[in-house]
>>> print(open('coords.pdb').read())   # PDB, C-alpha atoms
ATOM      1  CA  MET A1065      -9.042  35.896  18.020
ATOM      2  CA  GLN A1066     -10.470  37.273  14.833
ATOM      3  CA  ASP A1067      -7.832  35.471  12.785
ATOM      4  CA  VAL A1068      -9.100  32.058  13.859
ATOM      5  CA  ASN A1069     -10.459  29.935  11.037
ATOM      6  CA  TRP A1070     -13.364  28.431  12.993
ATOM      7  CA  ILE A1071     -14.405  25.939  10.347
ATOM      8  CA  ALA A1072     -10.887  24.529  10.071
ATOM      9  CA  LEU A1073     -10.487  24.511  13.862
ATOM     10  CA  ILE A1074     -13.788  22.699  14.432
ATOM     11  CA  ILE A1075     -12.995  20.120  11.753
ATOM     12  CA  PHE A1076      -9.533  19.590  13.233
ATOM     13  CA  ILE A1077     -10.833  19.156  16.799
ATOM     14  CA  SER A1078     -13.650  16.863  15.637
ATOM     15  CA  VAL A1079     -11.348  14.619  13.615
ATOM     16  CA  PHE A1080      -8.704  14.621  16.336
ATOM     17  CA  GLY A1081     -11.313  13.691  18.962
ATOM     18  CA  PHE A1082     -12.815  10.993  16.773
ATOM     19  CA  ILE A1083      -9.442   9.413  15.995
ATOM     20  CA  THR A1084      -8.482   9.508  19.681
ATOM     21  CA  TRP A1085     -11.767   7.845  20.654
ATOM     22  CA  LEU A1086     -11.347   5.313  17.835
ATOM     23  CA  GLY A1087      -7.879   4.439  19.096
ATOM     24  CA  PHE A1088      -9.131   3.624  22.582
ATOM     25  CA  ALA A1089     -12.182   1.798  21.226
ATOM     26  CA  ALA A1090      -9.993  -0.279  18.910
ATOM     27  CA  ALA A1091      -7.809  -1.319  21.833
ATOM     28  CA  ASN A1092     -10.733  -3.339  23.168
ATOM     29  CA  TRP A1093     -11.885  -4.676  19.801
ATOM     30  CA  ARG A1094     -11.075  -8.374  19.380
ATOM     31  CA  ARG A1095      -8.522  -8.170  22.142
ATOM     32  CA  GLY A1096      -5.621 -10.585  21.760
ATOM     33  CA  ASP A1097      -2.889 -11.750  24.088
ATOM     34  CA  LEU A1098      -0.247  -9.102  23.526
ATOM     35  CA  ASP A1099       2.432 -11.290  25.091
ATOM     36  CA  LEU A1100       2.382 -13.259  21.842
ATOM     37  CA  LEU A1101       4.462 -11.675  19.097
ATOM     38  CA  HIS A1102       2.043 -12.453  16.271
ATOM     39  CA  GLU A1103      -0.813 -10.943  18.280
ATOM     40  CA  TRP A1104       1.138  -7.774  18.944
ATOM     41  CA  GLY A1105       2.720  -7.415  15.507
ATOM     42  CA  LEU A1106       0.160  -8.902  13.148
ATOM     43  CA  GLY A1107      -3.153  -8.579  14.981
ATOM     44  CA  GLY A1108      -3.135 -12.347  15.421
ATOM     45  CA  ARG A1109      -3.384 -12.693  11.606
ATOM     46  CA  ARG A1110      -7.123 -12.196  12.127
ATOM     47  CA  PHE A1111      -7.589  -9.072  10.034
ATOM     48  CA  GLY A1112     -10.139  -9.727   7.349
ATOM     49  CA  THR A1113     -10.211  -8.529   3.766
ATOM     50  CA  VAL A1114     -11.709  -5.127   4.596
ATOM     51  CA  VAL A1115      -9.279  -4.264   7.397
ATOM     52  CA  THR A1116      -6.375  -5.416   5.242
ATOM     53  CA  TRP A1117      -7.643  -3.244   2.403
ATOM     54  CA  PHE A1118      -7.521  -0.192   4.660
ATOM     55  CA  LEU A1119      -4.144  -1.269   6.014
ATOM     56  CA  ILE A1120      -2.551  -1.567   2.584
ATOM     57  CA  GLY A1121      -4.225   1.690   1.592
ATOM     58  CA  GLY A1122      -2.789   3.264   4.727
ATOM     59  CA  ASN A1123       0.644   2.153   3.600
ATOM     60  CA  LEU A1124       0.170   4.445   0.617
ATOM     61  CA  TYR A1125      -1.377   7.507   2.295
ATOM     62  CA  THR A1126       1.479   8.459   4.558
ATOM     63  CA  ALA A1127       3.131  11.670   5.654
ATOM     64  CA  TYR A1128       5.319  11.154   2.630
ATOM     65  CA  THR A1129       2.292  11.241   0.348
ATOM     66  CA  PHE A1130       0.638  14.191   2.067
ATOM     67  CA  ILE A1131       3.670  16.356   2.807
ATOM     68  CA  ALA A1132       6.764  15.322   0.855
ATOM     69  CA  VAL A1133       5.144  14.750  -2.543
ATOM     70  CA  PRO A1134       3.053  17.977  -2.475
ATOM     71  CA  ALA A1135       6.177  19.834  -1.310
ATOM     72  CA  LEU A1136       8.069  18.452  -4.281
ATOM     73  CA  ALA A1137       5.207  19.413  -6.588
ATOM     74  CA  PHE A1138       5.207  22.908  -5.098
ATOM     75  CA  GLY A1139       8.958  23.282  -5.366
ATOM     76  CA  ALA A1140       9.859  21.386  -8.520
ATOM     77  CA  GLY A1141       6.577  20.969 -10.348
ATOM     78  CA  ALA A1142       5.316  18.072 -12.428
ATOM     79  CA  VAL A1143       8.279  15.817 -11.606
ATOM     80  CA  ALA A1144       6.488  15.039  -8.331
ATOM     81  CA  PHE A1145       4.008  13.076 -10.402
ATOM     82  CA  PHE A1146       6.533  10.236 -10.458
ATOM     83  CA  ALA A1147       4.525   9.092  -7.425
ATOM     84  CA  VAL A1148       1.502   8.260  -9.567
ATOM     85  CA  PRO A1149       3.161   5.865 -12.073
ATOM     86  CA  TYR A1150       5.179   4.451  -9.206
ATOM     87  CA  THR A1151       1.979   3.512  -7.403
ATOM     88  CA  ILE A1152       0.317   2.206 -10.557
ATOM     89  CA  VAL A1153       3.306  -0.095 -11.102
ATOM     90  CA  ALA A1154       3.873  -1.078  -7.468
ATOM     91  CA  TYR A1155       0.390  -2.320  -6.635
ATOM     92  CA  PRO A1156       0.095  -4.997  -9.342
ATOM     93  CA  ILE A1157       3.455  -6.296  -8.118
ATOM     94  CA  PHE A1158       2.066  -6.418  -4.569
ATOM     95  CA  PHE A1159      -1.000  -8.144  -6.002
ATOM     96  CA  LEU A1160       1.167 -10.880  -7.506
ATOM     97  CA  VAL A1161       3.661 -11.303  -4.668
ATOM     98  CA  PHE A1162       1.839 -10.590  -1.393
ATOM     99  CA  PRO A1163      -0.677 -13.491  -1.410
ATOM    100  CA  ARG A1164       2.160 -15.974  -1.898
ATOM    101  CA  ILE A1165       4.288 -14.391   0.812
ATOM    102  CA  TRP A1166       1.235 -14.358   3.082
ATOM    103  CA  HIS A1167       0.660 -18.036   2.387
ATOM    104  CA  VAL A1168       4.236 -18.991   3.264
ATOM    105  CA  CYS A1169       4.281 -16.689   6.335
ATOM    106  CA  HIS A1170       1.024 -18.188   7.598
ATOM    107  CA  LYS A1171       2.165 -21.767   7.073
ATOM    108  CA  HIS A1172       5.554 -21.325   8.745
ATOM    109  CA  HIS A1173       4.468 -18.703  11.329
ATOM    110  CA  TYR A1174       6.787 -16.011  10.018
ATOM    111  CA  ILE A1175       6.121 -12.528  11.358
ATOM    112  CA  THR A1176       8.594 -10.218   9.636
ATOM    113  CA  ALA A1177      10.238 -10.073   6.235
ATOM    114  CA  GLY A1178      13.432 -11.111   8.027
ATOM    115  CA  ASP A1179      11.764 -14.309   9.245
ATOM    116  CA  PHE A1180      10.661 -15.050   5.722
ATOM    117  CA  VAL A1181      14.108 -14.503   4.197
ATOM    118  CA  ARG A1182      15.794 -16.546   6.885
ATOM    119  CA  GLY A1183      13.342 -19.408   6.413
ATOM    120  CA  ARG A1184      13.443 -19.273   2.636
ATOM    121  CA  PHE A1185      17.179 -18.806   2.102
ATOM    122  CA  GLY A1186      18.567 -20.126   5.390
ATOM    123  CA  ASN A1187      21.035 -17.252   5.760
ATOM    124  CA  ARG A1188      20.812 -15.190   8.929
ATOM    125  CA  TRP A1189      23.086 -12.460   7.545
ATOM    126  CA  LEU A1190      20.802 -11.995   4.572
ATOM    127  CA  ALA A1191      17.869 -11.832   6.985
ATOM    128  CA  LEU A1192      19.721  -9.203   9.024
ATOM    129  CA  ALA A1193      20.476  -7.176   5.894
ATOM    130  CA  VAL A1194      16.813  -7.299   4.828
ATOM    131  CA  THR A1195      15.681  -6.298   8.314
ATOM    132  CA  ILE A1196      18.065  -3.341   8.516
ATOM    133  CA  THR A1197      17.100  -2.259   5.001
ATOM    134  CA  GLY A1198      13.456  -2.483   6.049
ATOM    135  CA  ILE A1199      13.983  -0.370   9.162
ATOM    136  CA  VAL A1200      15.941   2.294   7.272
ATOM    137  CA  ALA A1201      13.447   2.320   4.391
ATOM    138  CA  THR A1202      10.520   2.526   6.800
ATOM    139  CA  MET A1203      11.837   5.536   8.704
ATOM    140  CA  PRO A1204      10.772   8.190   6.172
ATOM    141  CA  THR A1205       7.313   6.750   5.667
ATOM    142  CA  SER A1206       6.413   5.068   8.976
ATOM    143  CA  PRO A1207       3.791   2.406   8.074
ATOM    144  CA  SER A1208       4.628  -1.049   9.235
ATOM    145  CA  SER A1209       6.572  -3.141   6.767
ATOM    146  CA  SER A1210       5.204  -6.298   8.298
ATOM    147  CA  SER A1211       1.652  -5.603   7.110
ATOM    148  CA  VAL A1212       2.178  -8.114   4.330
ATOM    149  CA  CYS A1213       1.935 -10.980   6.810
ATOM    150  CA  ARG A1214      -1.303  -9.744   8.394
ATOM    151  CA  SER A1215      -4.931 -10.510   7.565
TER     152      SER A1215
ATOM    153  CA  MET B 991     -11.696 -13.556   7.431
ATOM    154  CA  PHE B 992      -9.241 -14.235   4.665
ATOM    155  CA  GLU B 993      -9.377 -17.889   3.775
ATOM    156  CA  PRO B 994      -5.984 -18.995   2.487
ATOM    157  CA  SER B 995      -7.003 -22.519   1.491
ATOM    158  CA  LYS B 996      -7.622 -21.470  -2.119
ATOM    159  CA  LYS B 997      -4.064 -21.418  -3.253
ATOM    160  CA  ARG B 998      -3.450 -18.983  -6.086
ATOM    161  CA  GLY B 999      -0.304 -20.573  -7.343
ATOM    162  CA  GLY B1000       1.333 -20.732 -10.719
ATOM    163  CA  TRP B1001       1.365 -18.586 -13.764
ATOM    164  CA  SER B1002      -1.615 -17.153 -15.577
ATOM    165  CA  TRP B1003      -1.584 -15.386 -18.924
ATOM    166  CA  TRP B1004      -3.999 -12.863 -17.426
ATOM    167  CA  TYR B1005      -1.067 -11.356 -15.541
ATOM    168  CA  LEU B1006       0.182  -9.970 -18.847
ATOM    169  CA  LEU B1007      -2.672  -7.432 -18.648
ATOM    170  CA  PHE B1008      -0.530  -5.605 -16.078
ATOM    171  CA  LEU B1009       2.067  -4.934 -18.767
ATOM    172  CA  ILE B1010      -0.407  -2.576 -20.460
ATOM    173  CA  GLN B1011      -0.476  -0.184 -17.528
ATOM    174  CA  PHE B1012       3.262  -0.573 -16.925
ATOM    175  CA  VAL B1013       4.064   0.500 -20.481
ATOM    176  CA  ALA B1014       1.434   3.239 -20.439
ATOM    177  CA  VAL B1015       2.856   5.036 -17.399
ATOM    178  CA  LEU B1016       6.552   4.080 -17.450
ATOM    179  CA  TRP B1017       7.271   5.789 -20.761
ATOM    180  CA  PRO B1018       6.758   9.530 -20.106
ATOM    181  CA  PRO B1019       7.093  10.558 -23.801
ATOM    182  CA  PHE B1020       3.610   9.050 -24.222
ATOM    183  CA  TYR B1021       2.082  11.752 -22.040
ATOM    184  CA  ASN B1022       4.638  14.534 -21.660
ATOM    185  CA  LYS B1023       2.419  17.191 -23.222
ATOM    186  CA  ALA B1024      -0.192  19.739 -22.227
ATOM    187  CA  GLU B1025      -2.695  19.165 -25.061
ATOM    188  CA  PRO B1026      -5.464  18.125 -25.074
ATOM    189  CA  TYR B1027      -6.820  19.728 -21.917
ATOM    190  CA  TRP B1028      -9.680  18.135 -20.015
ATOM    191  CA  VAL B1029     -11.710  20.398 -17.685
ATOM    192  CA  GLY B1030      -8.689  22.669 -17.523
ATOM    193  CA  LEU B1031      -6.247  19.872 -16.671
ATOM    194  CA  PRO B1032      -3.243  19.399 -18.952
ATOM    195  CA  PHE B1033      -3.019  15.995 -20.623
ATOM    196  CA  PHE B1034       0.038  15.107 -18.519
ATOM    197  CA  TYR B1035      -2.044  15.102 -15.325
ATOM    198  CA  TRP B1036      -5.354  13.631 -16.373
ATOM    199  CA  TYR B1037      -3.646  10.859 -18.358
ATOM    200  CA  GLN B1038      -1.948   9.591 -15.203
ATOM    201  CA  LEU B1039      -5.078   9.927 -13.085
ATOM    202  CA  LEU B1040      -7.020   8.075 -15.757
ATOM    203  CA  TRP B1041      -4.520   5.224 -15.637
ATOM    204  CA  ILE B1042      -5.159   4.808 -11.907
ATOM    205  CA  ILE B1043      -8.753   3.944 -12.782
ATOM    206  CA  ILE B1044      -7.801   1.772 -15.774
ATOM    207  CA  GLY B1045      -5.185   0.042 -13.620
ATOM    208  CA  ALA B1046      -7.790  -0.711 -10.964
ATOM    209  CA  VAL B1047     -10.131  -2.150 -13.602
ATOM    210  CA  LEU B1048      -7.340  -4.290 -15.100
ATOM    211  CA  THR B1049      -6.386  -5.498 -11.612
ATOM    212  CA  ALA B1050     -10.017  -6.434 -10.935
ATOM    213  CA  ILE B1051     -10.169  -8.348 -14.226
ATOM    214  CA  VAL B1052      -6.989 -10.245 -13.396
ATOM    215  CA  TYR B1053      -8.283 -10.946  -9.900
ATOM    216  CA  PHE B1054     -11.563 -12.456 -11.042
ATOM    217  CA  MET B1055     -10.053 -14.349 -13.970
ATOM    218  CA  THR B1056      -7.382 -15.979 -11.780
ATOM    219  CA  ASP B1057      -9.777 -16.674  -8.897
ATOM    220  CA  ASP B1058     -10.607 -20.360  -9.194
TER     221      ASP B1058
END
>>> encode(input="coords.pdb", output="structure tokens")
Amino acid sequence: MQDVNWIALIIFISVFGFITWLGFAAANWRRGDLDLLHEWGLGGRRFGTVVTWFLIGGNLYTAYTFIAVPALAFGAGAVAFFAVPYTIVAYPIFFLVFPRIWHVCHKHHYITAGDFVRGRFGNRWLALAVTITGIVATMPTSPSSSSVCRS
Amino acid sequence: MFEPSKKRGGWSWWYLLFLIQFVAVLWPPFYNKAEPYWVGLPFFYWYQLLWIIIGAVLTAIVYFMTDD
């Protein structure tokens, strides 16, 4: 037992316990009817600015950011810093595009990007292609791609 | 709660401010060097980290200037 890093262990258990408690507490916070798809998928579109800020931030700080990018930096060096310009460029684009998408999604009750594409372009095959692309693209990173329609 | 009634539609010239940070970080020859160091960090690293802050400031400027 002398090899145990007590500080790291205590921090890990504390954070793990807190997050677990937070998860159960959040389940009862502003409870919605989970039989409704927009309640289950989008939090009833009731997330405010602050929650949405954390949500979009959470889209950035993923396992990819914490494991894959540092691994690339460790293995290949400075090339891993592509992630920084990529983020600097991506977020202004979100800034320009997301509020408009949100507006349209809210008005027409779209939930996913597929709904939006189908409503906007009227082509269910295009919607299917976008949905499959979204699922495949989401697999390595895991945050929900539908967060754009929340708040 | 986010109030969507204020529609932020249309084009604004303020959006061109974003081009500054795009150009600054998308052309690596601008910052592909070690000198000058800042608190031990090579230029390549602190330049990019600095542009995160500048980018946030530019985004805030665009936000408030297009918020009518």
>>> closest_atom_pairs(input="coords.pdb", of="chain A", to="chain B", cutoff="8 Å", atoms="all atoms listed in the file", output="tab-separated table")
residue	atom	partner	partner_atom	distance
A:Arg1110	CA	B:Met991	CA	6.7
A:Phe1111	CA	B:Met991	CA	6.6
A:Gly1112	CA	B:Met991	CA	4.1
A:Thr1113	CA	B:Phe992	CA	5.9
A:Val1148	CA	B:Gln1038	CA	6.7
A:Pro1149	CA	B:Val1015	CA	5.4
A:Ile1152	CA	B:Ile1042	CA	6.2
A:Val1153	CA	B:Phe1012	CA	5.8
A:Pro1156	CA	B:Phe1008	CA	6.8
A:Pro1163	CA	B:Arg998	CA	7.7
A:Arg1164	CA	B:Gly999	CA	7.5
A:His1167	CA	B:Pro994	CA	6.7
A:Ser1215	CA	B:Phe992	CA	6.4
>>> atom_distance(input="coords.pdb", atom1="atom CA of Lys1171 of chain A", atom2="atom CA of Gly1183 of chain A")
11.4 Å
>>> residues_around(input="coords.pdb", residues="Phe1033 of chain B", least_positions_apart="6", cutoff="12 Å", atoms="all atoms listed in the file", output="list in words")
Ala1142 of chain A; Pro1018, Pro1019, Phe1020, Tyr1021, Asn1022, Lys1023, Ala1024, Glu1025, Pro1026, Tyr1027, Leu1039, Leu1040 and Trp1041 of chain B
>>> write_last_selection(input="coords.pdb", atoms="C-alpha atoms", output="short mmCIF file (atom, residue, chain, number, x, y, z; two decimals), in the frame of the given file")
data_model
loop_
_atom_site.label_atom_id
_atom_site.label_comp_id
_atom_site.auth_asym_id
_atom_site.auth_seq_id
_atom_site.Cartn_x
_atom_site.Cartn_y
_atom_site.Cartn_z
CA ALA A 1142 5.32 18.07 -12.43
CA PRO B 1018 6.76 9.53 -20.11
CA PRO B 1019 7.09 10.56 -23.80
CA PHE B 1020 3.61 9.05 -24.22
CA TYR B 1021 2.08 11.75 -22.04
CA ASN B 1022 4.64 14.53 -21.66
CA LYS B 1023 2.42 17.19 -23.22
CA ALA B 1024 -0.19 19.74 -22.23
CA GLU B 1025 -2.70 19.16 -25.06
CA PRO B 1026 -5.46 18.12 -25.07
CA TYR B 1027 -6.82 19.73 -21.92
CA LEU B 1039 -5.08 9.93 -13.08
CA LEU B 1040 -7.02 8.07 -15.76
CA TRP B 1041 -4.52 5.22 -15.64
#
>>> atom_distance(input="coords.pdb", atom1="atom CA of Ala1050 of chain B", atom2="atom CA of Ile1120 of chain A")
16.2 Å
>>> resolve_selection(input="coords.pdb", expression="the PyMOL selection byres ((chain A and resi 1108) around 10)", output="PyMOL selection string")
chain A and resi 1094-1098+1100-1107+1109-1111+1214-1215
>>> atom_distance(input="coords.pdb", atom1="atom CA of Val1200 of chain A", atom2="atom CA of Ile1175 of chain A")
18.2 Å
>>> residues_around(input="coords.pdb", residues="Phe1130 of chain A", least_positions_apart="6", cutoff="12 Å", atoms="all atoms listed in the file", output="JSON list (two decimals) with C-alpha atoms, in the frame of the given file")
[["chain", "number", "residue", "atom", "x", "y", "z"],
["A", 1122, "GLY", "CA", -2.79, 3.26, 4.73],
["A", 1124, "LEU", "CA", 0.17, 4.44, 0.62],
["A", 1136, "LEU", "CA", 8.07, 18.45, -4.28],
["A", 1137, "ALA", "CA", 5.21, 19.41, -6.59],
["A", 1144, "ALA", "CA", 6.49, 15.04, -8.33],
["A", 1147, "ALA", "CA", 4.53, 9.09, -7.42],
["A", 1205, "THR", "CA", 7.31, 6.75, 5.67]]
>>> closest_residue(input="coords.pdb", among="A:Thr1116, A:Asn1092, A:Ser1078, A:Asn1187", to="Phe1162 of chain A", atoms="all atoms listed in the file")
A:Thr1116
